[in-house]
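Listing of start-v5.cif; format and content: mmCIF, C-alpha atoms.
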```cif
data_entry
#
loop_
_atom_site.label_atom_id
_atom_site.label_comp_id
_atom_site.auth_asym_id
_atom_site.auth_seq_id
_atom_site.Cartn_x
_atom_site.Cartn_y
_atom_site.Cartn_z
CA GLU Z 1 0.00 0.00 0.00
CA GLY Z 2 2.98 2.29 -0.12
CA MET Z 3 3.06 2.83 3.65
CA ILE Z 4 6.50 1.38 4.33
CA GLY Z 5 9.07 4.16 4.49
CA ARG Z 6 6.55 6.96 5.00
CA ARG Z 7 7.22 9.54 7.66
CA ILE Z 8 4.68 9.98 10.44
CA GLU Z 9 3.94 12.25 13.37
CA PHE Z 10 2.39 10.96 16.59
CA LYS Z 11 1.99 13.00 19.77
CA GLY Z 12 4.72 15.40 18.69
CA ASP Z 13 7.29 12.72 17.79
CA PHE Z 14 8.41 11.73 14.32
CA GLY Z 15 9.30 8.37 12.87
CA THR Z 16 9.36 6.13 9.82
CA VAL Z 17 6.83 3.40 9.01
CA ARG Z 18 8.56 0.00 8.96
CA TYR Z 19 5.46 -2.26 9.14
CA TYR Z 20 1.82 -1.90 8.16
CA GLY Z 21 -0.74 -4.64 8.68
CA PRO Z 22 -2.54 -6.80 11.24
CA LEU Z 23 -0.78 -8.05 14.35
CA GLN Z 24 0.22 -11.70 14.44
CA HIS Z 25 0.63 -12.02 18.21
CA GLY Z 26 -2.14 -12.00 20.80
CA GLU Z 27 -5.77 -11.38 19.97
CA HIS Z 28 -6.06 -7.97 18.36
CA GLY Z 29 -8.53 -8.59 15.52
CA PRO Z 30 -8.08 -7.77 11.84
CA GLU Z 31 -7.39 -4.02 12.14
CA ASN Z 32 -4.16 -2.64 10.73
CA TRP Z 33 -1.30 -1.44 12.88
CA VAL Z 34 1.68 0.73 12.06
CA GLY Z 35 5.16 -0.36 13.10
CA VAL Z 36 7.21 2.78 13.69
CA GLU Z 37 10.93 3.34 14.04
CA TRP Z 38 11.16 6.61 15.97
CA ASP Z 39 13.74 9.29 15.27
CA LYS Z 40 14.49 9.26 19.02
CA PRO Z 41 16.08 5.85 19.68
CA ASN Z 42 14.50 5.45 23.13
CA ARG Z 43 11.00 6.72 22.29
CA GLY Z 44 9.52 3.27 21.67
CA LYS Z 45 8.96 0.06 23.60
CA HIS Z 46 10.90 -2.50 21.54
CA GLN Z 47 13.13 -3.07 18.51
CA GLY Z 48 10.46 -4.43 16.17
CA LEU Z 49 10.25 -7.83 17.90
CA VAL Z 50 7.09 -8.36 19.97
CA GLU Z 51 6.25 -11.62 21.76
CA GLY Z 52 8.46 -13.62 19.39
CA VAL Z 53 7.13 -12.01 16.19
CA GLN Z 54 9.60 -9.88 14.18
CA TYR Z 55 7.43 -7.18 12.61
CA PHE Z 56 10.30 -5.02 11.36
CA GLU Z 57 13.97 -4.20 11.83
CA CYS Z 58 15.11 -0.82 13.10
CA LEU Z 59 17.62 0.56 10.65
CA CYS Z 60 19.10 2.88 13.27
CA LEU Z 61 20.49 -0.20 15.06
CA LYS Z 62 22.60 -1.36 12.12
CA GLY Z 63 26.26 -0.85 12.86
CA VAL Z 64 25.66 -0.04 16.52
CA GLU Z 65 27.66 -2.05 19.05
CA SER Z 66 25.47 -4.87 20.39
CA GLU Z 67 25.85 -3.72 24.01
CA GLU Z 68 24.63 -0.20 23.15
CA ALA Z 69 21.89 -1.49 20.81
CA ALA Z 70 20.50 -3.77 23.51
CA SER Z 71 19.43 -0.73 25.55
CA MET Z 72 17.78 1.10 22.62
CA THR Z 73 14.01 0.88 22.04
CA PRO Z 74 13.23 2.79 18.83
CA GLY Z 75 10.17 0.72 17.83
CA SER Z 76 6.44 0.93 18.52
CA LEU Z 77 3.23 -0.58 17.19
CA ILE Z 78 0.31 1.86 16.97
CA LYS Z 79 -3.24 1.38 15.69
CA ALA Z 80 -3.31 2.76 12.15
CA ASP Z 81 -6.33 4.97 12.79
CA LYS Z 82 -4.42 6.86 15.50
CA VAL Z 83 -1.45 7.87 13.33
CA SER Z 84 -1.17 10.94 11.11
CA LEU Z 85 0.39 9.65 7.91
CA GLY Z 86 0.30 13.02 6.20
CA SER Z 87 1.06 12.85 2.49
CA SER Z 88 4.01 11.70 0.44
CA PHE Z 89 6.24 14.19 -1.36
CA CYS Z 90 4.66 13.27 -4.71
CA GLU Z 91 1.13 13.66 -3.30
CA ALA Z 92 1.98 17.07 -1.83
CA LEU Z 93 3.60 18.19 -5.07
CA TRP Z 94 0.59 17.07 -7.11
CA GLU Z 95 -1.83 18.77 -4.72
CA LYS Z 96 0.10 22.05 -4.85
CA TYR Z 97 0.73 22.27 -8.60
CA SER Z 98 -1.97 20.19 -10.34
CA ASP Z 99 -4.11 23.27 -11.05
CA ILE Z 100 -1.39 25.13 -12.95
#
```
Can I see the file as structure tokens?
Amino acid sequence: EGMIGRRIEFKGDFGTVRYYGPLQHGEHGPENWVGVEWDKPNRGKHQGLVEGVQYFECLCLKGVESEEAASMTPGSLIKADKVSLGSSFCEALWEKYSDI
């Protein structure tokens, strides 16, 4: 759906969408969730792995010493209807200049 890689804003914090879809752990129903890698490496609750299910990998952890990375929690899962996805660059460009 073109969600992966999009930038989001949630409660004043910014991040990048790394997962979009239903949860595979627990009993959450069919609704979609957004897996976010936050710009602030300790904003989240995990590293993309939740209850044994790897939803996404946090790119900010690549190349970081394993001891330091172990303490970082840049990932979160948020219900899709609670996240402001804004618009992509191409969508914003089209919206601004399509009437010219």
Checklist entry - Could you write out as a PyMOL selection string the residues that the PyMOL selection byres ((chain Z and resi 55-60) around 9) matches in the shown file? => result chain Z and resi 18-20+23-24+35-39+41+47-50+53-54+61-64+74-75
Excluding Leu85 in chain Z and its own-chain neighbours fewer than 4 positions away, which residues fall within 12 Å of it when counting only C-alpha atoms? Please give them as a PDB file with C-alpha atoms, keeping the file's coordinate frame.
```pdb
ATOM      1  CA  GLY Z   2       2.980   2.290  -0.120  1.00  0.00           C
ATOM      2  CA  MET Z   3       3.060   2.830   3.650  1.00  0.00           C
ATOM      3  CA  ILE Z   4       6.500   1.380   4.330  1.00  0.00           C
ATOM      4  CA  GLY Z   5       9.070   4.160   4.490  1.00  0.00           C
ATOM      5  CA  ARG Z   6       6.550   6.960   5.000  1.00  0.00           C
ATOM      6  CA  ARG Z   7       7.220   9.540   7.660  1.00  0.00           C
ATOM      7  CA  ILE Z   8       4.680   9.980  10.440  1.00  0.00           C
ATOM      8  CA  GLU Z   9       3.940  12.250  13.370  1.00  0.00           C
ATOM      9  CA  PHE Z  10       2.390  10.960  16.590  1.00  0.00           C
ATOM     10  CA  PHE Z  14       8.410  11.730  14.320  1.00  0.00           C
ATOM     11  CA  GLY Z  15       9.300   8.370  12.870  1.00  0.00           C
ATOM     12  CA  THR Z  16       9.360   6.130   9.820  1.00  0.00           C
ATOM     13  CA  VAL Z  17       6.830   3.400   9.010  1.00  0.00           C
ATOM     14  CA  TYR Z  20       1.820  -1.900   8.160  1.00  0.00           C
ATOM     15  CA  VAL Z  34       1.680   0.730  12.060  1.00  0.00           C
ATOM     16  CA  VAL Z  36       7.210   2.780  13.690  1.00  0.00           C
ATOM     17  CA  ILE Z  78       0.310   1.860  16.970  1.00  0.00           C
ATOM     18  CA  LYS Z  79      -3.240   1.380  15.690  1.00  0.00           C
ATOM     19  CA  ALA Z  80      -3.310   2.760  12.150  1.00  0.00           C
ATOM     20  CA  ASP Z  81      -6.330   4.970  12.790  1.00  0.00           C
ATOM     21  CA  PHE Z  89       6.240  14.190  -1.360  1.00  0.00           C
ATOM     22  CA  GLU Z  91       1.130  13.660  -3.300  1.00  0.00           C
TER      23      GLU Z  91
END
```
Item to check | Counting all atoms listed in the file, the option among Z:Val83, Z:Leu77, Z:Asp99, Z:Glu51 closest to Trp33 in chain Z | outcome: Z:Leu77
Checklist entry - To one decimal place, how far is CA of Ser71 in chain Z from CA of Arg43 in chain Z in Å? => result 11.7 Å
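Distance check against Lys11 in chain Z using all atoms listed in the file: of Z:Asn32, Z:Thr73, Z:Ser66, Z:Ser84, the minimum falls on Z:Ser84.
With all atoms listed in the file as the basis for measurement, Z:Lys45 is the residue among Z:Lys45, Z:Pro30, Z:Glu95, Z:Ser88 that approaches Ser76 in chain Z most closely.
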Checklist outcome for this item: CA of Gly12 in chain Z to CA of Lys82 in chain Z measures 12.9 Å
Checklist entry - By how many Å are CA of Ala69 in chain Z and CA of Lys40 in chain Z apart? => result 13.2 Å
Extract range 42-79 of chain Z from the structure I just pasted (atoms: C-alpha atoms) and return it as a PDB file, in the first residue's frame.
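Below is the file that was written, selection_23.pdb:
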```
ATOM      1  CA  ASN Z  42      14.504   5.451  23.130  1.00  0.00           C
ATOM      2  CA  ARG Z  43      10.996   6.717  22.292  1.00  0.00           C
ATOM      3  CA  GLY Z  44       9.519   3.265  21.670  1.00  0.00           C
ATOM      4  CA  LYS Z  45       8.962   0.063  23.600  1.00  0.00           C
ATOM      5  CA  HIS Z  46      10.897  -2.504  21.541  1.00  0.00           C
ATOM      6  CA  GLN Z  47      13.126  -3.071  18.514  1.00  0.00           C
ATOM      7  CA  GLY Z  48      10.459  -4.430  16.173  1.00  0.00           C
ATOM      8  CA  LEU Z  49      10.255  -7.826  17.895  1.00  0.00           C
ATOM      9  CA  VAL Z  50       7.089  -8.362  19.970  1.00  0.00           C
ATOM     10  CA  GLU Z  51       6.253 -11.619  21.756  1.00  0.00           C
ATOM     11  CA  GLY Z  52       8.461 -13.617  19.395  1.00  0.00           C
ATOM     12  CA  VAL Z  53       7.130 -12.007  16.187  1.00  0.00           C
ATOM     13  CA  GLN Z  54       9.602  -9.881  14.182  1.00  0.00           C
ATOM     14  CA  TYR Z  55       7.434  -7.175  12.609  1.00  0.00           C
ATOM     15  CA  PHE Z  56      10.298  -5.015  11.362  1.00  0.00           C
ATOM     16  CA  GLU Z  57      13.970  -4.205  11.825  1.00  0.00           C
ATOM     17  CA  CYS Z  58      15.108  -0.825  13.096  1.00  0.00           C
ATOM     18  CA  LEU Z  59      17.624   0.562  10.646  1.00  0.00           C
ATOM     19  CA  CYS Z  60      19.102   2.877  13.275  1.00  0.00           C
ATOM     20  CA  LEU Z  61      20.486  -0.203  15.061  1.00  0.00           C
ATOM     21  CA  LYS Z  62      22.598  -1.356  12.118  1.00  0.00           C
ATOM     22  CA  GLY Z  63      26.264  -0.853  12.856  1.00  0.00           C
ATOM     23  CA  VAL Z  64      25.657  -0.037  16.525  1.00  0.00           C
ATOM     24  CA  GLU Z  65      27.656  -2.046  19.055  1.00  0.00           C
ATOM     25  CA  SER Z  66      25.473  -4.866  20.395  1.00  0.00           C
ATOM     26  CA  GLU Z  67      25.850  -3.715  24.007  1.00  0.00           C
ATOM     27  CA  GLU Z  68      24.625  -0.205  23.151  1.00  0.00           C
ATOM     28  CA  ALA Z  69      21.894  -1.490  20.806  1.00  0.00           C
ATOM     29  CA  ALA Z  70      20.496  -3.766  23.514  1.00  0.00           C
ATOM     30  CA  SER Z  71      19.431  -0.725  25.549  1.00  0.00           C
ATOM     31  CA  MET Z  72      17.782   1.103  22.619  1.00  0.00           C
ATOM     32  CA  THR Z  73      14.009   0.884  22.042  1.00  0.00           C
ATOM     33  CA  PRO Z  74      13.226   2.795  18.835  1.00  0.00           C
ATOM     34  CA  GLY Z  75      10.168   0.720  17.828  1.00  0.00           C
ATOM     35  CA  SER Z  76       6.440   0.926  18.523  1.00  0.00           C
ATOM     36  CA  LEU Z  77       3.230  -0.576  17.189  1.00  0.00           C
ATOM     37  CA  ILE Z  78       0.307   1.864  16.973  1.00  0.00           C
ATOM     38  CA  LYS Z  79      -3.240   1.384  15.688  1.00  0.00           C
TER      39      LYS Z  79
END
```
